[in-house]
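J.: protein.cif is the file, holding mmCIF, C-alpha atoms:
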```cif
data_entry
loop_
_atom_site.group_PDB
_atom_site.id
_atom_site.type_symbol
_atom_site.label_atom_id
_atom_site.label_comp_id
_atom_site.auth_asym_id
_atom_site.auth_seq_id
_atom_site.Cartn_x
_atom_site.Cartn_y
_atom_site.Cartn_z
ATOM 1 C CA MET A 1 3.659 -5.840 19.524
ATOM 2 C CA LEU A 2 4.249 -8.223 16.617
ATOM 3 C CA SER A 3 0.569 -8.898 15.937
ATOM 4 C CA GLN A 4 -0.029 -5.164 15.430
ATOM 5 C CA ASP A 5 2.786 -5.121 12.857
ATOM 6 C CA LEU A 6 1.237 -7.875 10.708
ATOM 7 C CA ILE A 7 -0.992 -7.251 7.706
ATOM 8 C CA ALA A 8 -2.994 -10.228 6.420
ATOM 9 C CA GLY A 9 -3.398 -10.463 2.664
ATOM 10 C CA ALA A 10 -2.249 -8.628 -0.422
ATOM 11 C CA THR A 11 -5.375 -6.452 -0.505
ATOM 12 C CA ALA A 12 -4.722 -5.120 2.999
ATOM 13 C CA ALA A 13 -1.045 -4.602 2.172
ATOM 14 C CA ALA A 14 -2.030 -2.747 -0.993
ATOM 15 C CA THR A 15 -4.358 -0.455 0.953
ATOM 16 C CA TYR A 16 -1.623 0.208 3.503
ATOM 17 C CA ALA A 17 0.968 0.932 0.789
ATOM 18 C CA GLY A 18 -1.336 2.878 -1.526
ATOM 19 C CA LEU A 19 -0.984 0.358 -4.357
ATOM 20 C CA THR A 20 -3.185 -2.186 -6.087
ATOM 21 C CA PRO A 21 -3.232 -5.825 -4.947
ATOM 22 C CA ARG A 22 -1.852 -6.761 -8.368
ATOM 23 C CA ALA A 23 1.166 -4.504 -7.782
ATOM 24 C CA ILE A 24 1.748 -6.147 -4.392
ATOM 25 C CA TYR A 25 1.661 -9.626 -5.956
ATOM 26 C CA HIS A 26 4.074 -8.486 -8.670
ATOM 27 C CA LEU A 27 6.526 -7.048 -6.131
ATOM 28 C CA VAL A 28 6.340 -10.225 -4.020
ATOM 29 C CA GLU A 29 6.982 -12.487 -7.019
ATOM 30 C CA ALA A 30 9.879 -10.278 -8.137
ATOM 31 C CA GLY A 31 11.388 -10.625 -4.671
ATOM 32 C CA HIS A 32 11.098 -6.931 -3.820
ATOM 33 C CA LEU A 33 8.742 -7.307 -0.861
ATOM 34 C CA PRO A 34 9.325 -9.569 2.131
ATOM 35 C CA VAL A 35 6.367 -11.840 2.765
ATOM 36 C CA ILE A 36 5.354 -14.597 5.165
ATOM 37 C CA ARG A 37 3.452 -17.418 3.463
ATOM 38 C CA LYS A 38 1.047 -19.566 5.470
ATOM 39 C CA GLY A 39 -0.678 -21.890 3.049
ATOM 40 C CA LYS A 40 -2.156 -19.690 0.351
ATOM 41 C CA ARG A 41 -2.323 -16.664 2.632
ATOM 42 C CA LEU A 42 0.257 -13.882 2.504
ATOM 43 C CA TYR A 43 1.242 -11.855 5.554
ATOM 44 C CA PHE A 44 3.291 -8.685 5.552
ATOM 45 C CA ARG A 45 4.966 -6.736 8.329
ATOM 46 C CA LYS A 46 4.178 -3.018 8.254
ATOM 47 C CA SER A 47 7.741 -2.238 9.321
ATOM 48 C CA GLU A 48 9.169 -4.278 6.438
ATOM 49 C CA LEU A 49 6.786 -2.700 3.917
ATOM 50 C CA GLU A 50 7.821 0.750 5.095
ATOM 51 C CA ALA A 51 11.501 -0.174 4.822
ATOM 52 C CA ALA A 52 10.992 -1.632 1.342
ATOM 53 C CA PHE A 53 9.261 1.497 0.090
ATOM 54 C CA ARG A 54 11.943 3.737 1.577
ATOM 55 C CA SER A 55 14.592 1.846 -0.365
ATOM 56 C CA ASP A 56 15.148 1.970 -4.108
ATOM 57 C CA ALA A 57 14.419 -1.762 -4.433
ATOM 58 C CA VAL A 58 10.704 -1.102 -4.928
ATOM 59 C CA ASN A 59 10.827 2.431 -6.310
ATOM 60 C CA GLY A 60 13.483 1.804 -8.932
#
```
Turn the structure described in the file into structure tokens.

T.:
Amino acid sequence: MLSQDLIAGATAAATYAGLTPRAIYHLVEAGHLPVIRKGKRLYFRKSELEAAFRSDAVNG
């Protein structure tokens, strides 16, 4: 289900990815992480985070 794939906020995404919220913001601004913006809130899909961290885009 889509709602179970969504993570609300950079802090939650950071916890899920094992990073700091600051690192998540940096990766989003650099265009390395896909994000859904609703107002000031950021939403991430777990599946897209996993794919991003499997690729060299984030790790390299």

J.: Env of region 23-38 of chain A: 7 Å cut, atoms = only C-alpha atoms, seq-sep filter 4 positions within chain, self excluded. Answer as a list in words.

T.: Ala10, Ala14, Leu19, Leu42, Tyr43, Phe44, Glu48, Leu49, Ala52, Ala57 and Val58 of chain A

J.: Taking only C-alpha atoms into account, name the residue in A:Gly9, A:Ser3, A:Arg22, A:Phe53 that is nearest to Arg41 (chain A).

T.: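 Checking each of A:Gly9, A:Ser3, A:Arg22, A:Phe53 against Arg41 (chain A), counting only C-alpha atoms, the winner is A:Gly9.
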
J.: Name the residues within 8 Å of (2.0, -2.6, 2.9), counting all atoms listed in the file in the file's coordinates, and put them as an NGL selection string.

T.: :A and (7 or 12-18 or 44-46 or 49-50)

J.: If I wrap all listed atoms of region 44-55 of chain A in a box with edges along x, y and z and add 4 Å on each side, what are its centre and edge lengths in Å to one decimal, as lines of an AutoDock Vina configuration file?

T.:
```
center_x = 8.9
center_y = -2.5
center_z = 4.5
size_x = 19.3
size_y = 20.4
size_z = 17.7
```
